[in-house]
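Chemist: Pasting a structure below so you can have a look.
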Amino acid sequence: MTGNVNKTFMFIAFVVIILLLMHLLPPLRIGEVQLRNVDILSDLSIVSDSSNMQLTDNGIANNSIRNGLLHSPSNAKWQKGIEPIEDYSTELQTSMIQFYSKLDSIDTHKQVDHPVRIAIYGDSFIEGDILVAELRESLQAKYGGNGVGWTEIASELTQLRPSVGNSFENIDEHFVMRKETYRTDQAGLSERYYTTHPGSWTTFTATSGMPHARLWNQTSLFLKSSTPSTLKVTTDNGEKIYTLQSSDRVQVLNVRLSTPNVSFRILSGQPILYGACHDGLKGVCVDNFSMRGSSGVTLANLPPSTLADFNRLRHYDLIILEYGANAISENPKPDDIKWYMKNMNKVIRHFKQCFPNTTLMVMSTPDRGARVGNRIGTMKGIKELVVAQQKLARDNHVAFYNLYSAMGGEGSIGRLVKENHASKDYIHMKRSGGAMLASTIMKSIEEGRRINNLNKHE
């Protein structure tokens, strides 16, 4: 009996040794199919991209860049454990200093009549208001304000958000990723627009989401009407008819509310609708412009006159560009990052022209996972892309925030998946993970403001 047990253990040991040795074999292929590497310890490890390449001014690799990033002197002032916001601005009116001062004006009760407004452009990483809802709530809890900001008129995006309900009928959605029906010259702020007909309607209602999202004081409908149009607005206070004159410029219809429930119906004309904003009258507003699958480069094609109209009607104090996950593939080519930098340069120049008194921030790509054999690690090219994005911010004299580092750096998405804070596609956060990141970003904003106030007294 003992002999049989020994033989069994010897056989198991032999199999384990063979499997361990097979892990040392190079990747095997059958035709065009590459077989997975054998790794019986894969569930115990998370690996990351081991590349240490960084980009210099001319795109050449340079290993001397501090921590894989272009170093800014402001790092020395930041408390340990808080991700710094790098400010490369050269003009006061478009710097983070200006943005921090706007927050200060709320704290000192010197705020002007309109709220401090923040726009966050991004890809599916912030879809469904993940991360943004929690950041909005934190800012409004600290600085006041209420509402959910920008919502699409008739899109599944709004229906994915937990803080606002939306229903609609007889409205056609057009957006940049659906090229067959999209016209750039008609596009609005979010790279979407909605065509309507007499009888089209859309309605918005607050849900039981975040505390400060349960009530808003005003809904603003943004639209363009090339011919005279008539709209009926219904609230809990009753109905009101609005007549809009024809214009080739963006118009806004502001509706004051006592309860967060409003409906718009087209009675005549065919106005193009862009979006509706649901806000408080003071404090902070945060708008989410997410576009699934976007790398951000198409923003350079938005009509300058349309952006100028929105700057006039809904001026932003800070615009954040959160892109990168769709800028490179799992097998990036050498020129992918150069292509990205070239085209995002156009975006930033375009936005600086159209929003001349707004602070701009490049927020880096988050960590993204990819399979390496039987394991998940940081996707090849992510670290190089983060460096390129910081260089993009520095060269264009705008702010930069390292979201990849704020998440935890190499292999962080794998750890978050194991902790059930991120999805198993190793790209997207769950709502709990978004809340964690929002808390991290909020700490960075507060620390930046603290440092700014210290500098005032030096």
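Ordering of the structure tokens sets the chain letters (A, B, ...), residue numbers begin anew at 1 in every chain, and ligands are numbered from 1 in the order given.
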Report as number ranges by chain all protein, DNA and RNA residues lying within 10 Å of stretch 329-338 of chain A, evaluated on only C-alpha atoms, omitting residues in the same chain fewer than 3 positions from it.
Modeler: A: 55, 59, 324-326, 341-344, 368-371, 379-382, 384-386, 388-389
Chemist: Write out as a VMD selection string all residues of stretch 106-213 of chain A that backbone DSSP assigns to strand (DSSP E).
Modeler: chain A and resid 116 to 122 147 to 151 164 to 169 172 to 175 192 to 195 201 to 206
Chemist: Write out the residues from the selection above, keeping C-alpha atoms, as an mmCIF file, in the first residue's frame.
Modeler:
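The resulting file, out08.cif, is shown below:
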```
data_model
loop_
_atom_site.group_PDB
_atom_site.id
_atom_site.type_symbol
_atom_site.label_atom_id
_atom_site.label_comp_id
_atom_site.auth_asym_id
_atom_site.auth_seq_id
_atom_site.Cartn_x
_atom_site.Cartn_y
_atom_site.Cartn_z
ATOM 1 C CA VAL A 116 -17.536 76.787 -11.723
ATOM 2 C CA ARG A 117 -17.848 74.450 -14.701
ATOM 3 C CA ILE A 118 -15.726 71.427 -15.568
ATOM 4 C CA ALA A 119 -15.988 69.380 -18.777
ATOM 5 C CA ILE A 120 -14.488 65.888 -18.905
ATOM 6 C CA TYR A 121 -14.016 64.439 -22.395
ATOM 7 C CA GLY A 122 -13.158 60.780 -22.577
ATOM 8 C CA GLY A 147 -27.471 68.455 -10.612
ATOM 9 C CA VAL A 148 -25.983 65.988 -13.079
ATOM 10 C CA GLY A 149 -24.640 68.369 -15.723
ATOM 11 C CA TRP A 150 -24.771 67.539 -19.420
ATOM 12 C CA THR A 151 -27.039 64.738 -20.624
ATOM 13 C CA VAL A 164 -30.900 60.608 -14.319
ATOM 14 C CA GLY A 165 -33.771 58.995 -16.189
ATOM 15 C CA ASN A 166 -34.414 59.760 -19.863
ATOM 16 C CA SER A 167 -37.134 58.710 -22.291
ATOM 17 C CA PHE A 168 -37.756 59.979 -25.827
ATOM 18 C CA GLU A 169 -39.600 59.380 -29.067
ATOM 19 C CA ASP A 172 -32.643 60.442 -34.414
ATOM 20 C CA GLU A 173 -29.176 60.299 -32.876
ATOM 21 C CA HIS A 174 -26.033 61.066 -34.921
ATOM 22 C CA PHE A 175 -22.515 60.707 -33.508
ATOM 23 C CA ARG A 192 -23.317 64.231 -31.190
ATOM 24 C CA TYR A 193 -26.463 65.881 -32.475
ATOM 25 C CA TYR A 194 -30.122 64.924 -32.708
ATOM 26 C CA THR A 195 -32.526 65.603 -35.558
ATOM 27 C CA TRP A 201 -40.138 64.668 -27.426
ATOM 28 C CA THR A 202 -37.617 63.957 -24.685
ATOM 29 C CA THR A 203 -37.970 63.974 -20.919
ATOM 30 C CA PHE A 204 -35.537 63.999 -17.980
ATOM 31 C CA THR A 205 -36.098 63.018 -14.368
ATOM 32 C CA ALA A 206 -33.751 62.785 -11.410
#
```
Chemist: Which polymer residues have any atom within 7 Å of an atom of stretch 98-106 of chain A, counting only C-alpha atoms, with same-chain residues fewer than 2 positions away left out, as a list of chain:residue names?
Modeler: A:Leu92, A:Gln93, A:Thr94, A:Ser95, A:Met96, A:Thr108, A:His109, A:Lys110, A:Gln111, A:Val116, A:Tyr143, A:Gly283, A:Asp317, A:Leu318, A:Thr359, A:Arg449
Chemist: Might you pull out every residue within 10 Å of A:Ile241, with only C-alpha atoms counted and same-chain residues fewer than 3 positions away left off, and present them as a ChimeraX atom specification?
Modeler: /A:230-234,264-267
Chemist: For the selection just defined, write its residues with N, CA and C atoms to a file, as an mmCIF file, in the first residue's frame.
Modeler:
```cif
data_model
loop_
_atom_site.group_PDB
_atom_site.id
_atom_site.type_symbol
_atom_site.label_atom_id
_atom_site.label_comp_id
_atom_site.auth_asym_id
_atom_site.auth_seq_id
_atom_site.Cartn_x
_atom_site.Cartn_y
_atom_site.Cartn_z
ATOM 1 N N THR A 230 -41.246 75.898 -32.631
ATOM 2 C CA THR A 230 -42.046 76.062 -31.426
ATOM 3 C C THR A 230 -41.888 74.825 -30.556
ATOM 4 N N LEU A 231 -41.618 75.033 -29.278
ATOM 5 C CA LEU A 231 -41.429 73.942 -28.331
ATOM 6 C C LEU A 231 -42.384 74.109 -27.153
ATOM 7 N N LYS A 232 -42.867 72.995 -26.657
ATOM 8 C CA LYS A 232 -43.646 73.005 -25.424
ATOM 9 C C LYS A 232 -42.802 72.387 -24.314
ATOM 10 N N VAL A 233 -42.672 73.120 -23.218
ATOM 11 C CA VAL A 233 -41.905 72.656 -22.068
ATOM 12 C C VAL A 233 -42.882 72.350 -20.934
ATOM 13 N N THR A 234 -42.772 71.147 -20.407
ATOM 14 C CA THR A 234 -43.652 70.714 -19.323
ATOM 15 C C THR A 234 -42.827 70.426 -18.080
ATOM 16 N N PHE A 264 -39.538 68.194 -23.042
ATOM 17 C CA PHE A 264 -39.526 69.087 -24.203
ATOM 18 C C PHE A 264 -40.216 68.375 -25.373
ATOM 19 N N ARG A 265 -41.154 69.063 -26.014
ATOM 20 C CA ARG A 265 -41.849 68.507 -27.174
ATOM 21 C C ARG A 265 -41.781 69.512 -28.321
ATOM 22 N N ILE A 266 -41.410 69.034 -29.522
ATOM 23 C CA ILE A 266 -41.362 69.882 -30.705
ATOM 24 C C ILE A 266 -42.780 69.997 -31.276
ATOM 25 N N LEU A 267 -43.284 71.228 -31.348
ATOM 26 C CA LEU A 267 -44.614 71.461 -31.926
ATOM 27 C C LEU A 267 -44.538 71.808 -33.402
#
```
Chemist: Check the smallest atom-to-atom distance from each of A:Leu307, A:Gln270, A:Pro260, A:Val132 to A:Pro356 using only C-alpha atoms, then report the winner.
Modeler: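 Ranked by minimum distance to A:Pro356, first place goes to A:Leu307.
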Chemist: Among stretch 323-448 of chain A, which ones does DSSP assign to alpha helix (DSSP H) (computed from the backbone)? Answer as JSON, numbers by chain.
Modeler: {"A": [336, 337, 338, 339, 340, 341, 342, 343, 344, 345, 346, 347, 348, 349, 350, 351, 352, 353, 354, 382, 383, 384, 385, 386, 387, 388, 389, 390, 391, 392, 393, 394, 395, 403, 404, 405, 406, 407, 412, 413, 414, 415, 416, 417, 418, 431, 432, 433, 434, 435, 436, 437, 438, 439, 440, 441, 442, 443, 444, 445, 446, 447, 448]}
Chemist: Between stretch 80-99 of chain A and stretch 390-414 of chain A, at 6 Å or less, what are the per-residue closest atom pairs and their distances in Å? Count only C-alpha atoms, order by chain and rising residue number, and return it as a Markdown table.
Modeler:
```
| residue | atom | partner | partner_atom | distance |
| --- | --- | --- | --- | --- |
| A:Glu83 | CA | A:Ala406 | CA | 5.9 |
| A:Ile85 | CA | A:Tyr401 | CA | 5.1 |
| A:Glu86 | CA | A:Phe400 | CA | 5.0 |
| A:Asp87 | CA | A:Ala399 | CA | 4.3 |
| A:Tyr88 | CA | A:His397 | CA | 4.6 |
| A:Ser89 | CA | A:His397 | CA | 4.3 |
```
Chemist: Please determine, counting only C-alpha atoms, which residue among A:Phe125, A:Trp78, A:Phe289, A:Phe222 has the shortest atom-to-atom distance to A:Gly433.
Modeler: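 Using only C-alpha atoms, the shortest distance to A:Gly433 belongs to A:Phe125.
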Chemist: In Å, how far is it from atom CA of A:Ala435 to atom CA of A:Ala213?
Modeler: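 Separation between atom CA of A:Ala435 and atom CA of A:Ala213: 15.4 Å.
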Chemist: Between A:Ser138, A:Thr365, A:Ser163, A:Asn254, which one has atoms that come closest to A:Thr219, using only C-alpha atoms?
Modeler: A:Asn254
Chemist: For atom CA of A:Thr196 and atom CA of A:Ser268, determine how far apart the two atoms are, in Å to one decimal place.
Modeler: 9.9 Å
Chemist: Please determine, counting only C-alpha atoms, which residue among A:Gly199, A:Gly209, A:Thr306, A:Phe355 has the shortest atom-to-atom distance to A:Lys224.
Modeler: A:Thr306
Chemist: Taking only C-alpha atoms into account, which of A:Leu257, A:Leu221, A:Ala422, A:Ile272 comes nearest A:Ser200?
Modeler: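 Between A:Leu257, A:Leu221, A:Ala422, A:Ile272, the residue approaching A:Ser200 most closely is A:Ile272.
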Chemist: Can you measure atom CA of A:Gln218 to atom CA of A:Asn357 for me? One decimal in Å is fine.
Modeler: 24.7 Å
